[in-house]
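Okay, run_18.txt is below, compact mmCIF, C-alpha atoms:
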```txt
# COMPACT_ATOMS: atom_id res chain seq x y z
CA MET A 1007 -12.95 -57.41 132.18
CA ASN A 1008 -16.40 -56.74 133.65
CA LYS A 1009 -18.54 -59.24 135.46
CA LYS A 1010 -21.01 -59.82 132.66
CA LEU A 1011 -18.25 -60.76 130.23
CA ASP A 1012 -16.78 -63.18 132.82
CA ILE A 1013 -20.19 -64.77 133.31
CA GLU A 1014 -20.74 -65.09 129.57
CA LYS A 1015 -17.35 -66.72 129.06
CA CYS A 1016 -17.93 -69.05 131.97
CA LEU A 1017 -21.30 -70.10 130.55
CA GLU A 1018 -19.63 -70.71 127.20
CA LYS A 1019 -17.07 -72.94 128.92
CA ILE A 1020 -19.75 -74.92 130.77
CA LEU A 1021 -21.65 -75.39 127.49
CA GLN A 1022 -18.47 -76.72 125.87
CA LEU A 1023 -18.02 -79.14 128.79
CA HIS A 1024 -21.64 -80.28 128.38
CA THR A 1025 -21.03 -80.92 124.68
CA LYS A 1026 -17.92 -82.98 125.49
CA TYR A 1027 -18.86 -84.73 128.72
CA ASN A 1028 -22.69 -84.51 128.94
CA LEU A 1029 -23.42 -82.72 132.22
CA LYS A 1030 -26.16 -84.34 134.28
CA GLU A 1031 -28.22 -82.76 137.01
CA GLU A 1032 -28.45 -84.81 140.18
CA GLY A 1033 -29.88 -83.47 143.44
CA GLY A 1034 -28.84 -79.86 143.11
CA TYR A 1035 -25.56 -80.62 141.33
CA PHE A 1036 -24.39 -80.63 137.74
CA ARG A 1037 -21.88 -83.47 137.31
CA PHE A 1038 -19.67 -84.66 134.51
CA SER A 1039 -17.15 -87.50 134.40
CA SER A 1040 -14.30 -88.63 132.23
CA VAL A 1041 -11.27 -90.85 132.23
CA ILE A 1042 -8.45 -88.57 133.22
CA THR A 1043 -6.54 -87.02 130.30
CA ASN A 1044 -4.50 -83.92 129.78
CA GLN A 1045 -7.42 -82.36 127.90
CA PHE A 1046 -9.85 -83.19 130.71
CA ILE A 1047 -7.49 -81.66 133.27
CA GLN A 1048 -7.20 -78.55 131.09
CA ASP A 1049 -10.98 -78.29 130.79
CA VAL A 1050 -11.55 -78.58 134.53
CA ASP A 1051 -8.78 -76.12 135.36
CA SER A 1052 -10.35 -73.57 133.00
CA LEU A 1053 -13.37 -73.31 135.34
CA PRO A 1054 -13.28 -70.83 138.26
CA SER A 1055 -12.37 -72.73 141.40
CA GLN A 1056 -15.23 -71.19 143.41
CA ILE A 1057 -17.90 -73.02 141.37
CA ILE A 1058 -16.34 -76.50 141.66
CA ASN A 1059 -17.96 -78.14 144.64
CA GLU A 1060 -15.88 -81.31 144.63
CA THR A 1061 -13.71 -83.50 142.43
CA SER A 1062 -13.67 -87.23 143.09
CA TYR A 1063 -12.24 -90.25 141.32
CA LEU A 1064 -13.05 -93.93 141.07
CA ASP A 1065 -10.20 -96.31 141.87
CA LYS A 1066 -10.68 -100.07 142.12
CA GLY A 1067 -14.45 -99.66 142.18
CA SER A 1068 -14.71 -97.22 145.11
CA GLU A 1069 -15.32 -93.46 145.07
CA THR A 1070 -12.73 -91.40 146.90
CA ASP A 1071 -12.31 -87.65 147.46
CA ARG A 1072 -9.53 -86.29 145.38
CA ALA A 1073 -6.51 -86.12 147.65
CA GLU A 1074 -3.81 -86.13 145.06
CA GLU A 1075 -2.67 -83.58 142.51
CA TRP A 1076 -3.55 -83.93 138.83
CA SER A 1077 0.04 -84.79 138.09
CA ILE A 1078 -0.20 -87.86 140.33
CA LEU A 1079 -3.68 -88.86 139.24
CA LYS A 1080 -2.87 -88.85 135.55
CA LEU A 1081 -0.11 -91.40 136.17
CA LYS A 1082 -2.72 -93.88 137.31
CA SER A 1083 -4.42 -95.98 134.71
CA ASP A 1084 -8.15 -96.16 134.14
CA ILE A 1085 -8.98 -93.46 136.65
CA THR A 1086 -12.44 -91.88 136.12
CA VAL A 1087 -12.80 -88.41 137.61
CA THR A 1088 -16.18 -86.79 138.41
CA VAL A 1089 -16.51 -83.04 138.82
CA SER A 1090 -19.55 -81.64 140.69
CA LEU A 1091 -20.86 -78.10 140.26
CA SER A 1092 -23.27 -77.04 143.02
CA HIS A 1093 -26.38 -75.24 141.80
CA ASP A 1094 -26.24 -72.94 144.85
CA ASP A 1095 -22.60 -72.05 144.18
CA LEU A 1096 -23.38 -71.36 140.54
CA VAL A 1097 -26.28 -69.06 141.43
CA SER A 1098 -24.30 -67.21 144.11
CA ASN A 1099 -21.68 -66.46 141.45
CA GLY A 1100 -24.29 -65.23 138.96
CA LEU A 1101 -24.29 -68.35 136.79
CA LEU A 1102 -27.81 -69.53 135.95
CA ILE A 1103 -27.86 -73.00 134.38
CA PHE A 1104 -31.00 -74.93 133.47
CA ARG A 1105 -31.70 -78.17 131.63
CA ASN A 1106 -34.25 -76.67 129.19
CA TRP A 1107 -37.06 -74.13 128.87
CA ASN A 1108 -39.37 -76.11 131.15
CA HIS A 1109 -36.74 -76.23 133.86
CA PHE A 1110 -35.97 -72.51 133.41
CA LEU A 1111 -39.63 -71.46 133.67
CA GLU A 1112 -40.22 -73.58 136.76
CA TYR A 1113 -38.60 -70.55 138.39
CA ARG A 1114 -41.67 -68.40 137.83
CA GLN A 1115 -39.94 -65.11 138.60
CA TYR A 1116 -38.43 -65.27 135.11
CA PHE A 1117 -41.90 -64.73 133.63
CA PHE A 1118 -41.82 -61.23 135.09
CA SER A 1119 -38.22 -60.15 134.56
CA LEU A 1120 -35.52 -61.14 132.08
CA PRO A 1121 -32.34 -62.70 133.46
CA ASP A 1122 -29.07 -60.92 132.71
CA ASP A 1123 -27.81 -64.18 131.25
CA CYS A 1124 -28.38 -67.92 131.60
CA LEU A 1125 -27.57 -71.25 129.97
CA LEU A 1126 -30.08 -73.87 128.78
CA LEU A 1127 -27.96 -76.98 128.49
CA ASN A 1128 -30.17 -79.21 126.33
CA GLU A 1129 -31.03 -76.30 124.03
CA GLY A 1130 -27.36 -75.34 123.68
CA LEU A 1131 -28.52 -71.79 124.29
CA ILE A 1132 -26.82 -68.91 126.07
CA PHE A 1133 -29.42 -66.18 126.56
CA SER A 1134 -27.20 -63.18 125.78
CA GLN A 1135 -26.02 -64.80 122.54
CA SER A 1136 -29.41 -65.96 121.27
CA LYS A 1137 -31.51 -62.78 121.11
CA ASP A 1138 -32.74 -63.56 117.59
CA GLN A 1139 -33.62 -67.18 118.28
CA LYS A 1140 -37.33 -67.92 117.93
CA GLU A 1141 -37.83 -69.29 121.46
CA VAL A 1142 -35.97 -66.36 123.03
CA PHE A 1143 -38.00 -63.92 120.95
CA HIS A 1144 -41.26 -65.56 122.09
CA TYR A 1145 -40.09 -65.65 125.69
CA LYS A 1146 -39.31 -61.92 125.63
CA GLY A 1147 -42.74 -61.34 124.11
CA VAL A 1148 -44.45 -63.19 126.97
CA VAL A 1149 -42.51 -61.13 129.54
CA SER A 1150 -43.39 -57.94 127.64
CA VAL A 1151 -47.12 -58.73 127.67
CA LEU A 1152 -47.11 -59.57 131.38
CA GLN A 1153 -45.21 -56.35 132.09
CA LEU A 1154 -47.74 -54.37 130.05
CA LEU A 1155 -50.60 -55.86 132.04
CA LYS A 1156 -48.79 -55.15 135.31
CA ASN A 1157 -48.14 -51.50 134.40
CA ASN A 1158 -51.83 -50.92 133.66
CA ALA A 1159 -53.45 -53.05 136.36
CA ASP A 1160 -55.27 -51.36 139.23
CA HIS A 1161 -54.03 -53.98 141.67
CA VAL A 1162 -51.25 -56.60 141.55
CA GLN A 1163 -51.50 -59.58 143.89
CA PHE A 1164 -48.10 -61.14 144.67
CA PHE A 1165 -47.46 -64.80 145.50
CA SER A 1166 -43.98 -63.87 146.73
CA ASP A 1167 -41.57 -60.95 146.36
CA LYS A 1168 -40.81 -61.74 142.71
CA ILE A 1169 -43.77 -63.86 141.64
CA ILE A 1170 -47.17 -62.39 140.73
CA ASP A 1171 -50.33 -64.37 141.39
CA LYS A 1172 -52.93 -62.22 139.60
CA TYR A 1173 -53.72 -58.87 138.02
CA VAL A 1174 -56.90 -56.99 138.91
CA PHE A 1175 -58.45 -54.42 136.57
CA LEU A 1176 -61.27 -52.11 137.68
CA HIS A 1177 -63.48 -51.00 134.82
CA ARG A 1178 -67.21 -51.56 134.69
CA SER A 1179 -66.61 -54.15 137.38
CA SER A 1180 -63.59 -55.99 138.78
CA LEU A 1181 -61.75 -58.23 136.28
CA SER A 1182 -59.10 -60.60 137.67
CA ILE A 1183 -56.57 -62.46 135.53
CA SER A 1184 -54.94 -65.41 137.28
CA LEU A 1185 -51.32 -66.23 136.34
CA LYS A 1186 -51.26 -69.73 137.84
CA SER A 1187 -51.45 -71.34 134.40
CA LEU A 1188 -48.12 -69.83 133.27
CA ASP A 1189 -45.70 -72.43 131.97
CA ALA A 1190 -43.42 -73.12 129.02
CA HIS A 1191 -46.28 -73.81 126.56
CA PHE A 1192 -46.97 -70.04 126.48
CA LEU A 1193 -43.76 -69.71 124.47
CA GLU A 1194 -45.42 -71.59 121.61
CA MET A 1195 -48.13 -68.96 121.14
CA ASP A 1196 -47.74 -66.31 118.45
CA LEU A 1197 -48.11 -62.76 119.75
CA ASP A 1198 -49.25 -61.03 116.56
CA GLY A 1199 -49.37 -57.26 116.90
CA LEU A 1200 -47.12 -57.08 119.99
CA LYS A 1201 -44.68 -54.73 118.27
CA ILE A 1202 -47.50 -52.31 117.39
CA LEU A 1203 -48.90 -52.57 120.91
CA ASN A 1204 -45.52 -51.84 122.47
CA SER A 1205 -45.02 -48.82 120.21
CA ILE A 1206 -48.38 -47.42 121.35
CA PHE A 1207 -47.66 -47.82 125.05
CA GLU A 1208 -44.01 -46.75 124.89
CA ASP A 1209 -45.17 -43.34 123.67
CA ASP A 1210 -45.80 -41.03 126.66
CA SER A 1211 -48.75 -39.19 125.10
CA HIS A 1212 -52.38 -39.90 126.16
CA LYS A 1213 -51.27 -42.29 128.93
CA GLN A 1214 -54.55 -42.25 130.84
CA GLN A 1215 -56.64 -42.70 127.71
CA LYS A 1216 -54.50 -45.64 126.55
CA ARG A 1217 -54.91 -47.29 129.93
CA SER A 1218 -58.68 -46.86 129.70
CA ILE A 1219 -58.70 -48.35 126.19
CA LEU A 1220 -56.65 -51.37 127.38
CA LYS A 1221 -59.03 -52.01 130.29
CA GLU A 1222 -62.09 -51.60 128.07
CA VAL A 1223 -60.78 -54.14 125.52
CA LEU A 1224 -59.68 -56.55 128.27
CA TYR A 1225 -63.11 -56.35 129.89
CA SER A 1226 -65.03 -57.00 126.67
CA PHE A 1227 -62.53 -59.70 125.68
CA LEU A 1228 -62.36 -61.72 128.91
CA ILE A 1229 -65.46 -61.02 131.00
CA ASN A 1230 -67.17 -64.23 129.86
CA ILE A 1231 -64.06 -66.41 130.37
CA SER A 1232 -63.35 -68.02 133.75
CA GLU A 1233 -60.59 -66.36 135.77
CA GLU A 1234 -58.17 -69.32 135.52
CA LYS A 1235 -58.48 -69.51 131.72
CA ARG A 1236 -58.36 -65.80 130.91
CA LEU A 1237 -54.59 -65.54 130.53
CA GLU A 1238 -54.35 -68.47 128.12
CA PHE A 1239 -57.35 -67.20 126.14
CA LEU A 1240 -55.71 -63.77 125.90
CA PHE A 1241 -52.44 -65.22 124.59
CA LYS A 1242 -54.17 -67.55 122.12
CA ASN A 1243 -56.19 -64.64 120.71
CA PHE A 1244 -53.56 -61.96 121.12
CA GLY A 1245 -53.74 -60.88 117.47
CA GLU A 1246 -57.41 -59.93 117.81
CA PHE A 1247 -56.75 -58.31 121.19
CA SER A 1248 -53.93 -56.09 119.87
CA LYS A 1249 -55.99 -55.25 116.78
CA ARG A 1250 -58.87 -53.96 118.91
CA ILE A 1251 -56.58 -51.80 121.03
CA ASN A 1252 -54.87 -50.40 117.94
CA GLU A 1253 -58.19 -49.57 116.27
CA ASN A 1254 -59.67 -47.98 119.41
CA TYR A 1255 -56.55 -45.93 120.04
CA HIS A 1256 -56.35 -44.62 116.49
CA LEU A 1257 -60.05 -43.77 116.63
CA PHE A 1258 -59.36 -41.76 119.79
CA VAL A 1259 -56.34 -40.05 118.19
CA SER A 1260 -58.42 -39.14 115.13
CA GLU A 1261 -61.15 -37.63 117.31
CA PHE A 1262 -58.57 -35.86 119.44
CA SER A 1263 -56.81 -34.47 116.36
CA PHE A 1264 -60.14 -33.34 114.92
CA ASP A 1265 -61.04 -31.52 118.15
CA LYS A 1266 -57.62 -29.91 118.23
CA VAL A 1267 -57.89 -28.77 114.61
CA ARG A 1268 -61.47 -27.61 115.14
CA LEU A 1269 -60.42 -25.50 118.12
CA GLU A 1270 -57.55 -24.07 116.10
CA TYR A 1271 -59.59 -23.00 113.10
CA GLU A 1272 -62.52 -21.78 115.21
CA GLU A 1273 -60.08 -19.62 117.16
CA LYS A 1274 -58.78 -18.26 113.87
CA LYS A 1275 -62.34 -17.60 112.78
CA ARG A 1276 -63.10 -15.59 115.91
CA GLU A 1277 -59.87 -13.65 115.51
CA TYR A 1278 -60.60 -12.67 111.91
CA LEU A 1279 -64.27 -11.89 112.59
CA LEU A 1280 -63.16 -9.39 115.23
CA LYS A 1281 -60.74 -7.82 112.75
CA ILE A 1282 -63.40 -7.61 110.03
CA ASN A 1283 -66.04 -6.16 112.37
CA ASP A 1284 -63.54 -3.56 113.56
CA ILE A 1285 -63.20 -2.27 109.99
CA PHE A 1286 -66.53 -0.43 110.24
CA SER A 1287 -67.01 -0.08 114.01
CA SER A 1288 -63.72 1.85 114.35
CA ILE A 1289 -64.98 4.62 112.02
CA GLN A 1290 -68.68 4.44 112.82
CA ALA A 1291 -68.62 7.45 115.18
CA LYS A 1292 -66.59 9.49 112.70
CA MET A 1293 -69.14 8.76 109.98
CA LEU A 1294 -71.84 10.49 112.00
CA GLY A 1295 -69.81 13.71 111.86
CA VAL A 1296 -70.74 14.39 108.22
CA PRO A 1297 -74.55 14.49 108.48
CA VAL A 1298 -74.38 16.12 111.93
CA SER A 1299 -72.13 18.93 110.64
CA ILE A 1300 -74.45 19.54 107.67
CA VAL A 1301 -77.53 19.70 109.89
CA LEU A 1302 -75.84 22.12 112.31
CA ALA A 1303 -74.65 24.29 109.43
CA ALA A 1304 -78.12 24.39 107.93
CA ILE A 1305 -79.64 25.42 111.27
CA GLU A 1306 -77.10 28.17 111.78
CA LEU A 1307 -77.43 29.56 108.25
CA ASN A 1308 -81.23 29.66 108.40
CA ASP A 1309 -81.42 31.24 111.85
CA PRO A 1310 -82.59 34.89 111.30
CA GLU A 1311 -80.77 35.98 114.42
CA ASN A 1312 -77.42 34.92 112.93
CA SER A 1313 -75.90 37.14 110.28
CA PHE A 1314 -73.25 35.46 108.15
CA ASP A 1315 -71.45 37.34 105.46
CA LYS A 1316 -70.68 35.63 102.20
CA LEU A 1317 -67.10 34.68 103.17
CA SER A 1318 -68.16 33.09 106.46
CA ALA A 1319 -70.77 30.97 104.74
CA LEU A 1320 -68.23 29.91 102.13
CA LEU A 1321 -65.75 28.83 104.82
CA LEU A 1322 -68.45 26.83 106.63
CA TYR A 1323 -69.46 24.99 103.46
CA ALA A 1324 -65.80 24.40 102.57
CA ALA A 1325 -65.13 22.89 106.03
CA ILE A 1326 -68.03 20.48 105.57
CA VAL A 1327 -66.79 19.42 102.13
CA ILE A 1328 -63.18 19.01 103.30
CA TYR A 1329 -64.32 16.90 106.29
CA SER A 1330 -66.34 14.74 103.91
CA VAL A 1331 -63.36 14.27 101.61
CA PHE A 1332 -61.22 13.11 104.53
CA MET A 1333 -63.95 10.66 105.50
CA LEU A 1334 -64.01 9.32 101.94
CA LEU A 1335 -60.24 8.82 102.10
CA LEU A 1336 -60.64 7.04 105.47
CA LEU A 1337 -63.26 4.75 103.93
CA LYS A 1338 -60.90 3.94 101.07
CA ASN A 1339 -58.13 3.13 103.56
CA GLN A 1340 -60.48 0.83 105.53
CA ASN A 1341 -61.34 -0.92 102.29
CA HIS A 1342 -57.63 -1.63 101.71
CA THR A 1343 -57.34 -2.95 105.29
CA LEU A 1344 -60.34 -5.23 104.69
CA LYS A 1345 -58.69 -6.53 101.52
CA SER A 1346 -55.44 -7.28 103.42
CA ILE A 1347 -57.33 -9.14 106.18
CA LYS A 1348 -59.14 -11.22 103.55
CA GLU A 1349 -55.85 -12.18 101.88
CA GLU A 1350 -54.39 -13.08 105.29
CA TYR A 1351 -57.22 -15.34 106.43
CA THR A 1352 -57.54 -16.98 103.01
CA GLY A 1353 -53.85 -17.94 103.13
CA GLN A 1354 -54.12 -19.18 106.72
CA MET A 1355 -57.19 -21.29 106.05
CA ASN A 1356 -55.74 -22.75 102.86
CA ARG A 1357 -52.71 -23.89 104.85
CA LEU A 1358 -55.03 -25.51 107.39
CA LYS A 1359 -56.86 -27.29 104.58
CA PHE A 1360 -53.54 -28.58 103.26
CA HIS A 1361 -52.38 -29.90 106.66
CA TYR A 1362 -55.76 -31.29 107.74
CA ALA A 1363 -57.29 -32.74 104.60
CA ALA A 1364 -59.90 -34.64 106.62
CA GLN A 1365 -61.42 -31.33 107.76
CA TYR A 1366 -61.35 -29.78 104.27
CA LYS A 1367 -65.12 -29.20 104.13
CA GLN A 1368 -65.37 -27.68 107.62
CA ILE A 1369 -62.50 -25.27 106.94
CA GLY A 1370 -64.06 -24.41 103.56
CA ASP A 1371 -67.33 -23.54 105.32
CA LEU A 1372 -65.41 -21.35 107.74
CA ILE A 1373 -63.81 -19.45 104.84
CA GLY A 1374 -67.30 -18.97 103.39
CA ASP A 1375 -68.52 -17.44 106.67
CA LEU A 1376 -65.57 -15.05 106.78
CA ASP A 1377 -66.08 -14.09 103.11
CA LYS A 1378 -69.75 -13.38 103.80
CA ARG A 1379 -68.88 -11.10 106.72
CA ALA A 1380 -66.16 -9.36 104.69
CA ARG A 1381 -68.65 -8.70 101.83
CA PHE A 1382 -71.12 -7.22 104.33
CA GLN A 1383 -68.44 -4.90 105.76
CA LYS A 1384 -67.39 -3.84 102.26
CA GLY A 1385 -71.05 -3.10 101.46
CA LEU A 1386 -71.24 -0.85 104.52
CA LEU A 1387 -68.11 1.02 103.42
CA ILE A 1388 -69.51 1.53 99.92
CA PHE A 1389 -72.87 2.64 101.32
CA CYS A 1390 -71.19 5.20 103.60
CA ALA A 1391 -69.03 6.49 100.73
CA VAL A 1392 -72.10 6.94 98.50
CA VAL A 1393 -74.04 8.72 101.26
CA ILE A 1394 -71.15 11.10 102.00
CA ALA A 1395 -70.68 11.82 98.30
CA LEU A 1396 -74.41 12.58 97.89
CA LEU A 1397 -74.36 14.86 100.94
CA ASP A 1398 -71.33 16.71 99.54
CA ILE A 1399 -73.15 17.20 96.26
CA ALA A 1400 -76.19 18.44 98.16
CA VAL A 1401 -74.07 20.91 100.17
CA ILE A 1402 -72.45 22.28 97.00
CA ILE A 1403 -75.80 22.64 95.24
CA PHE A 1404 -77.28 24.32 98.31
CA PHE A 1405 -74.33 26.70 98.49
CA PHE A 1406 -74.71 27.82 94.86
CA TYR A 1407 -78.49 27.98 95.23
CA GLU A 1408 -78.14 30.34 98.21
CA ASN A 1409 -75.67 32.53 96.34
CA GLN A 1410 -78.00 32.81 93.33
CA ILE A 1411 -80.84 33.93 95.59
CA GLN A 1412 -78.63 36.51 97.23
CA VAL A 1413 -77.36 37.79 93.85
CA GLY A 1414 -80.94 38.00 92.53
CA THR A 1415 -82.12 39.92 95.60
CA ALA A 1416 -79.25 42.38 95.38
CA GLY A 1417 -80.04 43.06 91.66
CA ASP A 1418 -83.70 43.73 92.43
CA VAL A 1419 -82.71 46.21 95.15
CA LEU A 1420 -80.32 48.00 92.79
CA CYS A 1421 -82.94 48.29 90.00
CA CYS A 1422 -85.48 49.77 92.42
CA SER A 1423 -83.03 52.35 93.64
CA ILE A 1424 -82.20 53.47 90.06
CA GLN A 1425 -85.82 53.87 89.23
```
Just give me the structure as structure tokens.
Amino acid sequence: MNKKLDIEKCLEKILQLHTKYNLKEEGGYFRFSSVITNQFIQDVDSLPSQIINETSYLDKGSETDRAEEWSILKLKSDITVTVSLSHDDLVSNGLLIFRNWNHFLEYRQYFFSLPDDCLLLNEGLIFSQSKDQKEVFHYKGVVSVLQLLKNNADHVQFFSDKIIDKYVFLHRSSLSISLKSLDAHFLEMDLDGLKILNSIFEDDSHKQQKRSILKEVLYSFLINISEEKRLEFLFKNFGEFSKRINENYHLFVSEFSFDKVRLEYEEKKREYLLKINDIFSSIQAKMLGVPVSIVLAAIELNDPENSFDKLSALLLYAAIVIYSVFMLLLLKNQNHTLKSIKEEYTGQMNRLKFHYAAQYKQIGDLIGDLDKRARFQKGLLIFCAVVIALLDIAVIIFFFYENQIQVGTAGDVLCCSIQ
């Protein structure tokens, strides 16, 4: 059986003795008395021997140390036996016994850490068995608030190793909260919103920002209250205090989430703009090949120093037309790529709108910008396709026009020779 279970059972036994025999505290001892009976002997013997400081009995009006065994004592008539439990012996064996809450909280270290277990005699309360009792719940709340303040204070001033004298917070200026007023009446104050506050600070995210929010609210809340009265004012108005922290933190989270979402969809925007711009820029140099090839062909064909036969000219024109056809096919392929990119970013942005409804308008505007750029790129592709098609038509017309001239010239020469 482990130590905690032994302590709990021992506290239960002492509480039963108090109920039967009314333990009284006198000068560092808890004492109880009874006329000796078999039941009384049984009750005393059930206690660990190391916590019984002394057992004495009254015989003929005088108090005498117990020098006889129970078996001899119980044969005597009208013997009253007093059992003394030393407070020091109890504590050294891990047994904490107090008269009531006031007595318990006179030991100020228990404002800053919970005991493993203890017994409040007049309350009939064993700490480990009374977790849902109102007073215990309030007590744990007080310890939780003081621990929260300690964890976020810039400086903690100790009265002794286990007792804190004041917390110091550095914000716009130094703010000190004295703890000298701590006593049992703090257990009567309702700590509305403590559960929400604990859930905020138990989460490891945004630690520094939460600390700043706590100090900001403390400063605005207590700066006009005297140092000695700040702690009591904080506890009396804890509902408003926790509400302000909750509102400020959720405002920060909303702004943080918005910035995160904004960065996400702006990154997506840049990514898709690059893809859309690349639709035309990747073929821009190739597009120049069509008009350049036509100009070069025209220069060569019209140069009197160059003599092209009919077949060579035909092959040159055919090469230009074939190159133009390939460019038209490339433009069509780029148009399909543009369509795929548009479907991709539309789906992505619609998902963002679904997950972040608060930013619906901003994401909608972003889609509009991408659509505008996509329409511009599609217009460039169509313009290039039309220009290439017109140039092809011009090349074909020019080819047939040249052939007609050559045929006409050859006929004139033949007629002259016949004549």
**OP:** For Ile1229 of chain A, please output as an NGL selection string all residues within 10 Å (counting only C-alpha atoms; exclusion window: fewer than 5 positions along the same chain).
**Re:** :A and (1179-1182 or 1223-1224 or 1236)
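For the atom pair formed by atom CA of Leu1257 of chain A and atom CA of Lys1216 of chain A, the distance is 11.5 Å, given to one decimal.
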Subject >> Cut-off 12 Å around (-61.8, -57.4, 127.3) with only C-alpha atoms: residues as a PyMOL selection string >> reply: chain A and resi 1175-1183+1218-1231+1236-1237+1239-1240+1243-1244+1246-1248+1250-1251
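Note that the spacing between atom CA of Arg1381 of chain A and atom CA of Asp1398 of chain A amounts to 25.7 Å.
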**OP:** Find the distance between atom CA of Val1050 of chain A and atom CA of Phe1133 of chain A and write it in Å to one decimal.
**Re:**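 We find that atom CA of Val1050 of chain A and atom CA of Phe1133 of chain A lie 23.2 Å from each other.
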Neighbour list for Asn1339 of chain A as a PDB file with C-alpha atoms, keeping the file's coordinate frame, cut-off 10 Å, all atoms listed in the file, skip fewer than 6 positions in-chain:
```
ATOM      1  CA  ILE A1285     -63.200  -2.270 109.990  1.00  0.00           C
ATOM      2  CA  MET A1333     -63.950  10.660 105.500  1.00  0.00           C
ATOM      3  CA  LYS A1345     -58.690  -6.530 101.520  1.00  0.00           C
TER       4      LYS A1345
END
```
Subject >> Local residues around (-18.5, -78.4, 132.6), at most 12 Å away, using only C-alpha atoms, as a PyMOL selection string >> reply: chain A and resi 1016-1031+1035-1040+1046-1054+1057-1058+1088-1092+1096+1103+1125+1127
**OP:** Compare A:Phe1192, A:Glu1208, A:Glu1234, A:Lys1213 by their minimum atom-to-atom distance to Asp1171 of chain A, counting all atoms listed in the file, and give me the closest one.
**Re:** A:Glu1234
Subject >> Minimum-distance residue to Ala1190 of chain A, chosen among A:Lys1378, A:Lys1367, A:His1144, A:Lys1281 (using all atoms listed in the file) >> reply: A:His1144
